[in-house]
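S.K.: Sending over query03.cif (mmCIF, C-alpha atoms).
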data_upload
#
loop_
_atom_site.label_atom_id
_atom_site.label_comp_id
_atom_site.auth_asym_id
_atom_site.auth_seq_id
_atom_site.Cartn_x
_atom_site.Cartn_y
_atom_site.Cartn_z
CA MET A 1 71.13 104.62 69.81
CA ARG A 2 71.94 101.07 70.94
CA PHE A 3 70.14 97.88 70.03
CA HIS A 4 70.07 95.10 72.62
CA ASP A 5 68.02 92.49 70.78
CA PRO A 6 70.38 90.28 68.71
CA THR A 7 68.18 90.52 65.63
CA LEU A 8 68.15 94.30 65.83
CA ARG A 9 71.91 94.48 66.40
CA ARG A 10 72.44 92.42 63.28
CA LEU A 11 69.96 94.58 61.45
CA ALA A 12 71.68 97.76 62.60
CA ALA A 13 74.99 96.39 61.41
CA GLY A 14 73.77 95.67 57.93
CA LEU A 15 70.55 97.33 56.94
CA LEU A 16 72.21 99.43 54.29
CA ALA A 17 75.17 97.16 53.68
CA ALA A 18 73.55 96.23 50.39
CA ALA A 19 74.58 99.72 49.38
CA LEU A 20 78.13 98.70 48.69
CA ALA A 21 77.09 95.58 46.81
CA ALA A 22 75.00 97.80 44.59
CA ALA A 23 77.74 100.39 44.29
CA THR A 24 80.25 97.73 43.29
CA SER A 25 77.96 96.33 40.63
CA GLY A 26 76.89 99.74 39.39
CA CYS A 27 73.23 98.76 39.64
CA ALA A 28 70.87 100.85 41.71
CA THR A 29 68.73 97.99 42.96
CA SER A 30 70.81 94.87 42.49
CA GLY A 31 72.26 94.61 46.00
CA THR A 32 70.55 91.67 47.68
CA ALA A 33 71.56 92.60 51.21
CA ALA A 34 73.52 89.38 51.26
CA SER A 35 75.85 91.11 53.66
CA ALA A 36 72.88 92.42 55.61
CA SER A 37 70.23 90.78 57.67
CA GLY A 38 67.34 90.78 55.28
CA ARG A 39 65.36 92.46 58.05
CA GLY A 40 65.16 95.67 56.10
CA VAL A 41 66.57 95.52 52.66
CA ARG A 42 68.15 98.58 51.12
CA ALA A 43 70.17 99.59 48.12
CA MET A 44 72.40 102.45 47.08
CA PRO A 45 73.36 103.25 43.50
CA GLU A 46 76.80 103.71 42.04
CA ARG A 47 76.53 107.30 40.89
CA PRO A 48 74.31 110.35 41.41
CA ARG A 49 71.34 110.84 39.16
CA THR A 50 71.53 113.86 36.92
CA SER A 51 69.30 115.18 34.22
CA ALA A 52 69.53 113.29 30.94
CA THR A 53 69.72 116.56 29.01
CA ALA A 54 71.07 119.36 31.23
CA GLU A 55 74.81 119.90 31.35
CA PRO A 56 75.98 119.59 34.98
CA THR A 57 77.13 122.77 36.62
CA LEU A 58 80.58 123.16 38.14
CA ASP A 59 79.13 122.57 41.62
CA GLN A 60 77.36 119.42 40.43
CA ARG A 61 80.59 118.08 38.95
CA ARG A 62 82.44 118.82 42.18
CA ALA A 63 79.65 117.16 44.16
CA ARG A 64 79.96 114.07 41.99
CA MET A 65 83.70 113.90 42.68
CA HIS A 66 83.08 114.04 46.44
CA TYR A 67 80.40 111.38 46.05
CA GLN A 68 82.72 108.99 44.23
CA LEU A 69 85.44 109.53 46.84
CA ALA A 70 82.88 108.76 49.54
CA ILE A 71 81.88 105.50 47.86
CA ASP A 72 85.54 104.45 47.77
CA ARG A 73 85.94 105.28 51.46
CA MET A 74 82.83 103.31 52.34
CA ARG A 75 84.13 100.27 50.46
CA GLN A 76 87.26 100.57 52.59
CA ASP A 77 85.23 100.86 55.83
CA ARG A 78 86.48 104.41 56.32
CA ASN A 79 83.09 105.84 57.21
CA PRO A 80 84.15 109.10 58.91
CA GLU A 81 86.02 110.11 55.76
CA ALA A 82 83.07 109.05 53.61
CA LEU A 83 80.73 111.16 55.71
CA ALA A 84 82.98 114.19 55.36
CA GLU A 85 83.04 113.81 51.56
CA LEU A 86 79.27 113.41 51.38
CA LEU A 87 78.68 116.49 53.49
CA GLN A 88 80.78 118.42 50.97
CA ALA A 89 78.77 116.85 48.15
CA VAL A 90 75.36 117.70 49.58
CA ARG A 91 76.40 121.32 50.22
CA LEU A 92 77.36 121.62 46.55
CA ASP A 93 74.28 119.82 45.23
CA PRO A 94 71.50 119.50 47.83
CA THR A 95 68.97 118.30 45.22
CA ASP A 96 70.82 115.14 44.20
CA THR A 97 68.83 112.22 45.58
CA ARG A 98 71.66 109.69 45.26
CA ILE A 99 73.93 111.83 47.40
CA ARG A 100 71.14 112.02 49.97
CA LEU A 101 70.79 108.25 49.93
CA ALA A 102 74.53 107.73 50.38
CA LEU A 103 74.61 110.30 53.17
CA ALA A 104 71.82 108.43 54.94
CA GLU A 105 73.95 105.28 54.79
CA ALA A 106 76.98 107.05 56.20
CA TYR A 107 74.92 108.43 59.08
CA ARG A 108 73.35 105.03 59.65
CA ARG A 109 76.80 103.49 59.93
CA ALA A 110 77.73 106.19 62.44
CA ASN A 111 74.65 105.15 64.47
CA ARG A 112 73.07 108.54 63.80
CA VAL A 113 69.67 107.31 62.70
CA VAL A 114 67.91 110.66 63.11
CA GLU A 115 70.10 112.22 60.43
CA ALA A 116 69.79 109.09 58.28
CA GLU A 117 66.01 109.41 58.34
CA GLN A 118 66.18 113.13 57.56
CA HIS A 119 68.18 112.56 54.39
CA LEU A 120 66.03 109.67 53.24
CA ARG A 121 62.91 111.76 53.71
CA ALA A 122 64.58 114.61 51.81
CA ALA A 123 65.30 112.19 48.97
CA VAL A 124 61.65 111.13 48.63
CA GLU A 125 60.52 114.74 48.86
CA LEU A 126 62.85 115.56 45.97
CA ASP A 127 61.70 112.50 44.02
CA PRO A 128 58.50 110.84 45.30
CA ASN A 129 59.13 107.89 42.97
CA PHE A 130 62.70 107.22 44.13
CA HIS A 131 62.53 103.46 44.75
CA ASP A 132 65.81 103.12 46.63
CA ALA A 133 64.86 105.77 49.17
CA HIS A 134 61.49 104.17 49.88
CA LEU A 135 63.16 100.78 50.28
CA SER A 136 65.74 102.28 52.61
CA LEU A 137 63.11 104.09 54.67
CA SER A 138 61.19 100.85 55.03
CA GLY A 139 64.32 99.11 56.28
CA LEU A 140 65.26 101.96 58.61
CA TYR A 141 61.81 101.97 60.20
CA ILE A 142 62.11 98.24 60.79
CA GLN A 143 65.42 98.89 62.54
CA LEU A 144 63.71 101.53 64.67
CA GLU A 145 60.74 99.23 65.37
CA ARG A 146 58.40 101.69 63.67
CA TYR A 147 56.72 98.90 61.80
CA GLU A 148 53.59 100.67 60.60
CA GLU A 149 55.74 103.30 58.89
CA ALA A 150 57.89 100.56 57.37
CA ILE A 151 54.74 99.01 55.92
CA VAL A 152 53.71 102.29 54.31
CA HIS A 153 56.93 102.53 52.31
CA ALA A 154 56.99 98.83 51.41
CA ARG A 155 53.44 99.02 50.10
CA ARG A 156 54.29 102.18 48.19
CA LEU A 157 56.85 100.15 46.26
CA LEU A 158 54.53 97.20 45.73
CA ASP A 159 51.89 99.51 44.31
CA ASP A 160 54.39 100.78 41.75
CA PRO A 161 54.51 98.49 38.69
CA THR A 162 57.89 99.93 37.71
CA PHE A 163 59.63 98.78 40.90
CA PRO A 164 62.02 96.09 39.66
CA SER A 165 62.55 94.10 42.89
CA PRO A 166 59.18 93.39 44.53
CA TRP A 167 60.64 90.52 46.58
CA ARG A 168 62.67 93.05 48.56
CA ALA A 169 59.63 95.14 49.47
CA LEU A 170 57.68 91.97 50.25
CA THR A 171 60.44 90.87 52.61
CA ASN A 172 60.30 94.17 54.48
CA LEU A 173 56.52 94.08 54.53
CA GLY A 174 56.44 90.51 55.81
CA TRP A 175 59.00 91.12 58.55
CA ALA A 176 57.18 94.25 59.77
CA GLU A 177 53.91 92.31 59.87
CA TYR A 178 55.61 89.48 61.74
CA ARG A 179 56.91 91.89 64.37
CA LEU A 180 53.38 93.29 64.72
CA GLY A 181 52.01 89.80 65.32
CA ARG A 182 50.17 89.56 62.00
CA LEU A 183 51.48 86.10 61.29
CA ASP A 184 49.11 85.07 58.50
CA GLU A 185 49.79 88.25 56.52
CA ALA A 186 53.51 87.95 57.17
CA ALA A 187 53.58 84.35 55.95
CA ARG A 188 51.69 85.27 52.80
CA HIS A 189 53.99 88.15 51.87
CA LEU A 190 57.21 86.32 52.70
CA GLN A 191 56.04 83.37 50.62
CA LEU A 192 55.31 85.73 47.74
CA ALA A 193 58.88 87.04 48.06
CA VAL A 194 60.37 83.57 47.61
CA ASP A 195 57.89 82.81 44.84
CA PHE A 196 59.33 85.81 43.00
CA ARG A 197 62.93 84.87 43.81
CA PRO A 198 63.35 81.33 45.25
CA GLY A 199 67.02 81.89 46.05
CA TYR A 200 66.43 85.11 47.98
CA TRP A 201 67.67 83.97 51.37
CA PRO A 202 66.56 86.96 53.54
CA ALA A 203 62.89 86.14 52.88
CA ARG A 204 63.61 82.44 53.32
CA LEU A 205 65.30 83.05 56.68
CA ASN A 206 62.34 85.07 57.89
CA LEU A 207 59.96 82.35 56.72
CA GLY A 208 61.93 79.83 58.75
CA ILE A 209 61.66 82.00 61.87
CA LEU A 210 57.93 82.41 61.32
CA SER A 211 57.40 78.68 60.72
CA ALA A 212 59.34 77.80 63.87
CA GLU A 213 57.22 80.19 65.93
CA ARG A 214 54.08 78.52 64.59
CA GLY A 215 55.36 75.09 65.57
CA GLU A 216 55.92 73.99 61.96
CA ARG A 217 59.29 72.45 62.68
CA GLU A 218 59.84 70.44 59.51
CA ARG A 219 58.94 73.41 57.35
CA ALA A 220 61.22 75.69 59.38
CA ILE A 221 64.10 73.22 58.98
CA GLU A 222 63.54 73.14 55.23
CA HIS A 223 63.67 76.94 55.04
CA PHE A 224 66.87 77.18 57.11
CA GLU A 225 68.57 74.47 55.06
CA ARG A 226 67.69 76.33 51.89
CA VAL A 227 69.17 79.50 53.37
CA LEU A 228 72.43 77.60 53.97
CA ALA A 229 72.37 76.31 50.40
CA GLU A 230 72.49 79.91 49.17
CA ASN A 231 75.83 80.61 50.95
CA PRO A 232 74.43 83.75 52.61
CA GLY A 233 77.59 84.82 54.43
CA PRO A 234 78.89 83.98 57.90
CA MET A 235 76.45 86.01 60.02
CA ALA A 236 73.33 84.73 58.29
CA GLU A 237 74.77 81.21 58.22
CA ALA A 238 75.45 81.37 61.97
CA GLU A 239 71.88 82.47 62.64
CA ALA A 240 70.38 79.74 60.44
CA ARG A 241 72.52 77.08 62.13
CA TYR A 242 71.65 78.36 65.60
CA ARG A 243 67.95 78.25 64.79
CA LEU A 244 68.34 74.76 63.33
CA ALA A 245 69.98 73.68 66.57
CA GLU A 246 67.05 75.04 68.57
CA LEU A 247 64.67 73.01 66.43
CA TYR A 248 66.71 69.82 66.76
CA VAL A 249 66.83 70.21 70.54
CA ALA A 250 63.05 70.65 70.61
CA MET A 251 62.76 67.46 68.54
CA GLY A 252 65.08 65.55 70.88
CA ASP A 253 67.95 65.30 68.40
CA LYS A 254 70.82 66.62 70.50
CA ARG A 255 73.52 65.17 68.25
CA ARG A 256 72.42 67.15 65.20
CA ALA A 257 71.94 70.25 67.32
CA ILE A 258 75.52 70.06 68.59
CA ALA A 259 76.83 69.60 65.05
CA GLN A 260 75.06 72.78 63.91
CA LEU A 261 76.30 74.77 66.89
CA HIS A 262 79.89 73.67 66.30
CA LYS A 263 79.71 74.92 62.73
CA ALA A 264 78.02 78.18 63.75
CA SER A 265 80.45 78.99 66.55
CA ASP A 266 83.45 78.44 64.25
CA LEU A 267 82.27 80.99 61.67
CA ARG A 268 84.30 84.19 61.30
CA PRO A 269 82.96 86.78 61.51
CA GLY A 270 79.82 85.15 62.83
CA GLY A 271 78.87 88.01 65.13
CA THR A 272 76.21 87.64 67.77
CA TRP A 273 74.89 84.33 66.47
CA ALA A 274 78.31 82.67 66.55
CA ARG A 275 78.75 83.79 70.16
CA ARG A 276 75.29 82.61 71.09
CA SER A 277 76.01 79.28 69.42
CA ALA A 278 79.18 78.84 71.47
CA GLU A 279 77.26 79.60 74.66
CA TYR A 280 74.44 77.24 73.74
CA LEU A 281 76.96 74.53 72.89
CA GLN A 282 78.36 74.68 76.41
CA THR A 283 74.95 73.99 77.90
CA LEU A 284 74.43 70.93 75.68
CA GLN A 285 77.83 69.27 76.12
#
Would you put the structure from the file into structure tokens?
M.R.:
Amino acid sequence: MRFHDPTLRRLAAGLLAAALAAATSGCATSGTAASASGRGVRAMPERPRTSATAEPTLDQRRARMHYQLAIDRMRQDRNPEALAELLQAVRLDPTDTRIRLALAEAYRRANRVVEAEQHLRAAVELDPNFHDAHLSLSGLYIQLERYEEAIVHARRLLDDPTFPSPWRALTNLGWAEYRLGRLDEAARHLQLAVDFRPGYWPARLNLGILSAERGERERAIEHFERVLAENPGPMAEAEARYRLAELYVAMGDKRRAIAQLHKASDLRPGGTWARRSAEYLQTLQ
């Protein structure tokens, strides 16, 4: 499945990239999607969940070994090998929700979103309270433009007082509402996300986009500048600078627009937004 809209391409490239941030830190929900787009935040834990009391079986121990090998391969961007390891793991232990979550990420990276959805849905069937799977489903449905379904899973998390990262669910909820044209609701939920976590740049970036669409240029500029202050990574920085340039052009400040586009087009890897910035720069010079 290919995505032609630049936002969706960026989303598809990073929706579950928070997985490796979480895996590196060893925290199930600590990945901020700083390497992702913020258009559908996800997380993947470091190790499979097992019973606190039951001794793992031989198959469960073997599954865990395949899982850990897969995480290493994913950190090294060796996704086909990671997928092979995870398929071995899920055959040995089909009830482990963390393996299912990791397998969904591997399929997502292979652009096989049908299989990714299947394993995420299997994870929530195995554990209806599995936060990471609900968050990932919400993000996947945003990627697939199935916004109403994304909202269901985001609200499921927000209704759960034990969910430790409500700003992530609020960001997904707000972006889905924005894409559905519910701008007032989107603004309220995205603002709540940054109220929870002022430095959470994915929500801030989305707020900037929403403010720009509503003609609130000064507010949009403030949001994009605050995104840049968080050092969000080259792709998000390129997008924020491109959007700043658009605002400066609309305000008649061509000089500042060109400065932003120069910085955006020089970013590596800046992806689609760096390329768009270079193209836009040519039209202004």
S.K.: Can you translate the PyMOL selection byres ((chain A and resi 205-214) around 7) into the concrete residues it hits in this file, as a PyMOL selection string?
M.R.: chain A and resi 175+187+190+201-204+215-217+219-221+223-224+227
S.K.: Could you tell me, as a PDB file with C-alpha atoms, keeping the file's coordinate frame, exactly which residues end up selected when the PyMOL selection byres ((chain A and resi 73) around 12) is applied to this structure?
M.R.:
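Wrote result.pdb, looks like this:
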ATOM      1  CA  LEU A  20      78.130  98.700  48.690  1.00  0.00           C
ATOM      2  CA  ALA A  23      77.740 100.390  44.290  1.00  0.00           C
ATOM      3  CA  HIS A  66      83.080 114.040  46.440  1.00  0.00           C
ATOM      4  CA  TYR A  67      80.400 111.380  46.050  1.00  0.00           C
ATOM      5  CA  GLN A  68      82.720 108.990  44.230  1.00  0.00           C
ATOM      6  CA  LEU A  69      85.440 109.530  46.840  1.00  0.00           C
ATOM      7  CA  ALA A  70      82.880 108.760  49.540  1.00  0.00           C
ATOM      8  CA  ILE A  71      81.880 105.500  47.860  1.00  0.00           C
ATOM      9  CA  ASP A  72      85.540 104.450  47.770  1.00  0.00           C
ATOM     10  CA  MET A  74      82.830 103.310  52.340  1.00  0.00           C
ATOM     11  CA  ARG A  75      84.130 100.270  50.460  1.00  0.00           C
ATOM     12  CA  GLN A  76      87.260 100.570  52.590  1.00  0.00           C
ATOM     13  CA  ASP A  77      85.230 100.860  55.830  1.00  0.00           C
ATOM     14  CA  ARG A  78      86.480 104.410  56.320  1.00  0.00           C
ATOM     15  CA  ASN A  79      83.090 105.840  57.210  1.00  0.00           C
ATOM     16  CA  PRO A  80      84.150 109.100  58.910  1.00  0.00           C
ATOM     17  CA  GLU A  81      86.020 110.110  55.760  1.00  0.00           C
ATOM     18  CA  ALA A  82      83.070 109.050  53.610  1.00  0.00           C
ATOM     19  CA  LEU A  83      80.730 111.160  55.710  1.00  0.00           C
ATOM     20  CA  ALA A  84      82.980 114.190  55.360  1.00  0.00           C
ATOM     21  CA  GLU A  85      83.040 113.810  51.560  1.00  0.00           C
ATOM     22  CA  LEU A  86      79.270 113.410  51.380  1.00  0.00           C
ATOM     23  CA  ALA A 102      74.530 107.730  50.380  1.00  0.00           C
ATOM     24  CA  ALA A 106      76.980 107.050  56.200  1.00  0.00           C
TER      25      ALA A 106
END
S.K.: Considering all atoms listed in the file, return as a PyMOL selection string whatever protein or nucleic-acid residues lie within 9 Å of range 238-242 of chain A, sequence-local ones (same chain, fewer than 5 positions apart) excluded.
M.R.: chain A and resi 205+208+224-225+227-228+233+247+257+260-261+263-267+270-274+276-277+280
S.K.: Any chance you could work out the residue set of the PyMOL selection byres ((chain A and resi 96) around 9) here, as a compact mmCIF listing (two decimals) with C-alpha atoms, keeping the file's coordinate frame?
M.R.:
# COMPACT_ATOMS: atom_id res chain seq x y z
CA PRO A 48 74.31 110.35 41.41
CA ARG A 49 71.34 110.84 39.16
CA THR A 50 71.53 113.86 36.92
CA GLN A 60 77.36 119.42 40.43
CA VAL A 90 75.36 117.70 49.58
CA ASP A 93 74.28 119.82 45.23
CA PRO A 94 71.50 119.50 47.83
CA THR A 95 68.97 118.30 45.22
CA THR A 97 68.83 112.22 45.58
CA ARG A 98 71.66 109.69 45.26
CA ILE A 99 73.93 111.83 47.40
CA ARG A 100 71.14 112.02 49.97
CA LEU A 101 70.79 108.25 49.93
CA ALA A 123 65.30 112.19 48.97
CA LEU A 126 62.85 115.56 45.97
S.K.: Could you jot down the CA of Ala89 in chain A to CA of Arg156 in chain A separation for me, Å, one decimal place?
M.R.: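 That distance, rounded to one decimal, is 28.5 Å.
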S.K.: For range 191-193 of chain A, list every protein, DNA or RNA residue within 9 Å, evaluated using all atoms listed in the file, and leave out those in the same chain fewer than 4 positions away; present the list as an NGL selection string.
M.R.: :A and (166-171 or 174 or 186-187 or 197-198 or 200 or 203-204 or 207)
S.K.: For Arg146 in chain A, find every residue with an atom within 10 Å (counting only C-alpha atoms), except residues of its own chain fewer than 6 positions away, and show them as a PyMOL selection string.
M.R.: chain A and resi 138-140+176+179-180
